[in-house]
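Engineer: Below is the structure I would like to discuss, written out as structure tokens.
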Amino acid sequence: MIFKFINNKSATELVISIFLGSFGAFLAWFLNMPAPFLLGPTIVCSISAILGLKFSIPAFLKNLGFTIIGITIGSNVTPSSLSQISTWPISLLMMICSIFLITYFGKFLLSNFYSIDKKSSILASSPGHLSFVLSLSNELKKDTPKIAIIQSIRVLSLTLITPLLVIMTTDMEISNNFIFNGKTTSLKQLILIIIASLIFGLAIINTKIPAPFLMAGMICTTFSHGSGLTEGVILPIFSFFAFMVLGIMIGARFVSVDIKLLKSSFLGGFLLTIVGVLLSLSFALLTSKLTNLELVDTIIAFAPGGLETMIAMGSIVNADPTFVAFHHVIRIIFLTFLVPILIFRK
């Protein structure tokens, strides 16, 4: 359910999380960091969690944040977003190749240098689909805590590295300015879209659709904009709130983490991320050359993991929202088949 009773402990943890997220966002903006409303809360909350501070975000705020991110993306979908759809089979093939190589080399790295059994190394190396990976790990009675920490390190590292990668490899400038001059959706229309998206998200929450509330927001807004019922982009303050919630969620992965386990897993998780980033970047560069797709689009679309985070990142760097979302959904579907095949093959 979206709304859930919040007890005193949960309320305290919510207040702490909002304070940390707001402080991180302001600090990152003050320091002129790229994507401050995502990176600031991510960094501050991750450090705070590792230092032992306990905080959390209730389910209804998570779902609201994902819904707003979906609406942000959907409001930027235009007919031109589909103009290069004929090149997508090439980019999808390239992305699938990168996923296979990332998983294979990750398995090799973890099983040979970090004494992790082969099945656990495959699960830890999967570039995304965390809930599926952890449920499979539990069924197989593998080292689920270690796999969860390595995967969390991957998401954190990707969130921090991707904006820098975009800045270094493209001419894109990631602004942290509050100023916005475009036409915005009216508050009345926005509230109606949010309500419709939340209802749709609830309707599909028990399906196999990844990130149901994010997808619901994107689909509802794309439909309402395409049909002329609504127009304009979402008010920036709503996007800032959603990015902050996402940053808090990434940091909250490290709440109550076993410090010894974190220390023993950090290097492996970080190296795994670097290998994944380099492989995905290589395929993104090649794809951009072969298809004339924008490099920023392929970098975000090929990023090895973090479906919600990378789709949100795409909206921050003005990547093609349809292209990015479609590729990340296909990545999740492909991993659903690839991971079990690699684990259970003889």
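Ligands are numbered from 1 in the order shown, residues from 1 within each chain, and chains are lettered A, B, ... in the order they appear in the structure tokens.
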Please run DSSP on the backbone and report, as an NGL selection string, all residues within segment 57-196 of chain A that come out as helix (DSSP H, G or I).
Structural biologist: :A and (59-74 or 79-82 or 85-113 or 118-125 or 130-140 or 144-169 or 187-196)
Engineer: Counting only C-alpha atoms, which residues of segment 243-297 of chain A sit at most 12 Å from some atom of segment 304-317 of chain A, and what is each one's closest atom pair with its distance in Å to one decimal, listed by chain and rising residue number, as a tab-separated table?
Structural biologist:
residue	atom	partner	partner_atom	distance
A:Phe243	CA	A:Ala312	CA	7.4
A:Met244	CA	A:Ala312	CA	11.0
A:Val245	CA	A:Thr309	CA	10.9
A:Leu246	CA	A:Thr309	CA	7.2
A:Gly247	CA	A:Thr309	CA	8.6
A:Ile248	CA	A:Thr309	CA	11.6
A:Met249	CA	A:Thr309	CA	10.2
A:Ile250	CA	A:Thr309	CA	8.9
A:Leu272	CA	A:Pro304	CA	10.4
A:Thr273	CA	A:Pro304	CA	8.1
A:Ile274	CA	A:Pro304	CA	10.2
A:Val275	CA	A:Pro304	CA	9.9
A:Gly276	CA	A:Pro304	CA	6.2
A:Val277	CA	A:Pro304	CA	6.8
A:Leu278	CA	A:Pro304	CA	10.0
A:Leu279	CA	A:Pro304	CA	9.1
A:Ser280	CA	A:Pro304	CA	6.8
A:Leu281	CA	A:Pro304	CA	9.7
A:Phe283	CA	A:Pro304	CA	11.5
A:Ala284	CA	A:Pro304	CA	11.3
A:Glu294	CA	A:Val317	CA	11.8
A:Leu295	CA	A:Val317	CA	11.4
A:Val296	CA	A:Val317	CA	7.7
A:Asp297	CA	A:Gly314	CA	7.6
Engineer: Out of A:His129, A:Leu92, A:Ala35, A:Lys142, which residue has the shortest atom-to-atom distance to Ile116 of chain A when counting only C-alpha atoms?
Structural biologist: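 Among the listed residues, A:Lys142 lies closest to Ile116 of chain A.
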Engineer: Have a look at A:Pro34, A:Pro127, A:Pro58, A:Pro163 and name the one nearest to Ile96 of chain A; count only C-alpha atoms.
Structural biologist: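 Among the listed residues, A:Pro127 lies closest to Ile96 of chain A.
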Engineer: Which residue out of A:Ile209, A:Ile299, A:Ile71, A:Val44 has the minimum interatomic distance to Phe23 of chain A when only C-alpha atoms are used?
Structural biologist: A:Val44
Engineer: Excluding Leu134 of chain A and any residue of its chain fewer than 6 positions from it, enumerate the residues within 12 Å of it, using only C-alpha atoms, and give them as a ChimeraX atom specification.
Structural biologist: /A:120,122-126,128,140-152,339
Engineer: Mind writing the picked residues with all heavy atoms as a compact mmCIF listing (two decimals), in the first residue's frame?
Structural biologist:
# COMPACT_ATOMS: atom_id res chain seq x y z
N SER A 120 27.37 -17.32 -6.16
CA SER A 120 27.26 -16.03 -5.46
C SER A 120 27.92 -14.92 -6.27
O SER A 120 27.43 -13.78 -6.30
CB SER A 120 27.90 -16.11 -4.07
OG SER A 120 27.17 -16.96 -3.22
N ILE A 122 28.12 -14.71 -9.50
CA ILE A 122 27.22 -14.35 -10.61
C ILE A 122 26.12 -13.43 -10.11
O ILE A 122 25.81 -12.40 -10.74
CB ILE A 122 26.60 -15.62 -11.25
CG1 ILE A 122 27.69 -16.41 -11.98
CG2 ILE A 122 25.48 -15.25 -12.23
CD1 ILE A 122 27.23 -17.80 -12.42
N LEU A 123 25.54 -13.77 -8.97
CA LEU A 123 24.48 -12.95 -8.39
C LEU A 123 24.99 -11.55 -8.02
O LEU A 123 24.31 -10.55 -8.25
CB LEU A 123 23.89 -13.64 -7.16
CG LEU A 123 23.10 -14.93 -7.42
CD1 LEU A 123 22.87 -15.69 -6.12
CD2 LEU A 123 21.79 -14.61 -8.11
N ALA A 124 26.19 -11.49 -7.46
CA ALA A 124 26.77 -10.20 -7.08
C ALA A 124 27.17 -9.37 -8.29
O ALA A 124 27.19 -8.14 -8.23
CB ALA A 124 27.98 -10.42 -6.18
N SER A 125 27.48 -10.04 -9.41
CA SER A 125 27.95 -9.35 -10.61
C SER A 125 26.82 -8.89 -11.52
O SER A 125 27.05 -8.11 -12.44
CB SER A 125 28.87 -10.28 -11.42
OG SER A 125 29.97 -10.69 -10.66
N SER A 126 25.61 -9.37 -11.27
CA SER A 126 24.47 -8.98 -12.12
C SER A 126 24.31 -7.46 -12.13
O SER A 126 24.14 -6.85 -11.08
CB SER A 126 23.19 -9.63 -11.60
OG SER A 126 22.06 -9.15 -12.28
N GLY A 128 22.25 -5.09 -12.04
CA GLY A 128 20.89 -4.65 -11.79
C GLY A 128 19.97 -5.77 -11.37
O GLY A 128 20.41 -6.88 -11.09
N LEU A 140 18.70 -20.11 -2.99
CA LEU A 140 19.88 -20.97 -3.16
C LEU A 140 20.72 -21.05 -1.89
O LEU A 140 21.73 -21.76 -1.86
CB LEU A 140 20.74 -20.43 -4.31
CG LEU A 140 20.09 -20.46 -5.70
CD1 LEU A 140 20.97 -19.72 -6.71
CD2 LEU A 140 19.85 -21.88 -6.16
N LYS A 141 20.30 -20.27 -0.85
CA LYS A 141 21.04 -20.23 0.42
C LYS A 141 22.49 -19.80 0.22
O LYS A 141 23.42 -20.41 0.75
CB LYS A 141 20.97 -21.59 1.13
CG LYS A 141 19.55 -21.96 1.57
CD LYS A 141 19.52 -23.30 2.27
CE LYS A 141 18.16 -23.57 2.90
NZ LYS A 141 17.02 -23.46 1.98
N LYS A 142 22.66 -18.74 -0.56
CA LYS A 142 23.98 -18.17 -0.79
C LYS A 142 24.23 -17.02 0.19
O LYS A 142 23.41 -16.73 1.05
CB LYS A 142 24.10 -17.69 -2.24
CG LYS A 142 24.03 -18.84 -3.25
CD LYS A 142 25.14 -19.84 -3.00
CE LYS A 142 25.05 -21.06 -3.87
NZ LYS A 142 26.10 -22.06 -3.58
N ASP A 143 25.39 -16.36 0.04
CA ASP A 143 25.79 -15.30 0.97
C ASP A 143 25.04 -14.01 0.63
O ASP A 143 25.61 -13.06 0.08
CB ASP A 143 27.30 -15.09 0.88
CG ASP A 143 27.84 -14.26 2.04
OD1 ASP A 143 27.01 -13.71 2.78
OD2 ASP A 143 29.07 -14.17 2.18
N THR A 144 23.75 -13.98 0.99
CA THR A 144 22.89 -12.86 0.60
C THR A 144 23.36 -11.52 1.16
O THR A 144 23.35 -10.52 0.42
CB THR A 144 21.43 -13.14 1.04
OG1 THR A 144 20.98 -14.36 0.43
CG2 THR A 144 20.51 -12.01 0.62
N PRO A 145 23.78 -11.42 2.44
CA PRO A 145 24.25 -10.12 2.95
C PRO A 145 25.42 -9.55 2.13
O PRO A 145 25.44 -8.36 1.83
CB PRO A 145 24.67 -10.43 4.38
CG PRO A 145 23.84 -11.61 4.77
CD PRO A 145 23.74 -12.43 3.52
N LYS A 146 26.37 -10.41 1.78
CA LYS A 146 27.53 -9.94 1.01
C LYS A 146 27.11 -9.52 -0.39
O LYS A 146 27.57 -8.50 -0.92
CB LYS A 146 28.59 -11.04 0.92
CG LYS A 146 29.92 -10.56 0.38
CD LYS A 146 31.03 -11.52 0.75
CE LYS A 146 32.37 -10.81 0.76
NZ LYS A 146 33.43 -11.61 1.37
N ILE A 147 26.22 -10.29 -1.01
CA ILE A 147 25.72 -9.95 -2.34
C ILE A 147 24.99 -8.61 -2.29
O ILE A 147 25.17 -7.75 -3.16
CB ILE A 147 24.78 -11.06 -2.85
CG1 ILE A 147 25.58 -12.34 -3.12
CG2 ILE A 147 24.05 -10.62 -4.12
CD1 ILE A 147 24.73 -13.56 -3.38
N ALA A 148 24.17 -8.40 -1.25
CA ALA A 148 23.42 -7.15 -1.10
C ALA A 148 24.36 -5.96 -0.95
O ALA A 148 24.13 -4.88 -1.54
CB ALA A 148 22.48 -7.24 0.09
N ILE A 149 25.44 -6.12 -0.18
CA ILE A 149 26.38 -5.02 0.03
C ILE A 149 27.13 -4.70 -1.26
O ILE A 149 27.29 -3.53 -1.63
CB ILE A 149 27.37 -5.36 1.16
CG1 ILE A 149 26.64 -5.32 2.51
CG2 ILE A 149 28.55 -4.39 1.17
CD1 ILE A 149 27.50 -5.66 3.70
N ILE A 150 27.59 -5.71 -1.98
CA ILE A 150 28.29 -5.49 -3.24
C ILE A 150 27.38 -4.78 -4.24
O ILE A 150 27.79 -3.84 -4.93
CB ILE A 150 28.81 -6.82 -3.83
CG1 ILE A 150 29.94 -7.38 -2.96
CG2 ILE A 150 29.29 -6.65 -5.27
CD1 ILE A 150 30.43 -8.75 -3.36
N GLN A 151 26.12 -5.21 -4.29
CA GLN A 151 25.16 -4.57 -5.19
C GLN A 151 24.89 -3.13 -4.77
O GLN A 151 24.74 -2.23 -5.61
CB GLN A 151 23.85 -5.37 -5.23
CG GLN A 151 23.95 -6.71 -5.94
CD GLN A 151 23.88 -6.56 -7.46
OE1 GLN A 151 23.81 -5.45 -7.99
NE2 GLN A 151 23.94 -7.67 -8.16
N SER A 152 24.82 -2.87 -3.46
CA SER A 152 24.59 -1.52 -2.96
C SER A 152 25.77 -0.61 -3.28
O SER A 152 25.60 0.57 -3.64
CB SER A 152 24.35 -1.54 -1.45
OG SER A 152 23.17 -2.26 -1.14
N VAL A 339 20.73 -14.54 -15.69
CA VAL A 339 21.27 -14.94 -14.38
C VAL A 339 20.96 -16.40 -14.05
O VAL A 339 21.87 -17.17 -13.70
CB VAL A 339 20.79 -13.99 -13.27
CG1 VAL A 339 21.20 -14.52 -11.90
CG2 VAL A 339 21.35 -12.59 -13.48
Engineer: Have a look at atom CA of Ile300 of chain A and atom CA of Thr169 of chain A and let me know their distance in Å, one decimal.
Structural biologist: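 Taking atom CA of Ile300 of chain A as the start and atom CA of Thr169 of chain A as the end point, the length is 12.0 Å.
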Engineer: Under the rule that only C-alpha atoms are counted, which of A:Ile69, A:Val166, A:Leu31, A:Val133 is the nearest residue to Leu214 of chain A?
Structural biologist: A:Ile69
Engineer: Kindly indicate which residue among A:Ala59, A:Phe30, A:Leu130, A:Ile199 lies nearest to Arg154 of chain A, using only C-alpha atoms for the distances.
Structural biologist: A:Leu130
Engineer: By how many Å are atom CA of Phe241 of chain A and atom CA of Ala211 of chain A apart?
Structural biologist: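 Computed distance, atom CA of Phe241 of chain A to atom CA of Ala211 of chain A, equals 18.0 Å.
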Engineer: Would you kindly return, as an NGL selection string, each protein, DNA or RNA residue with an atom no farther than 10 Å from any atom of Leu64 of chain A, considering only C-alpha atoms and excluding same-chain residues fewer than 4 positions away?
Structural biologist: :A and (2 or 59-60 or 68-70 or 194-195 or 197-198 or 201 or 213-214 or 217 or 241-242 or 245)
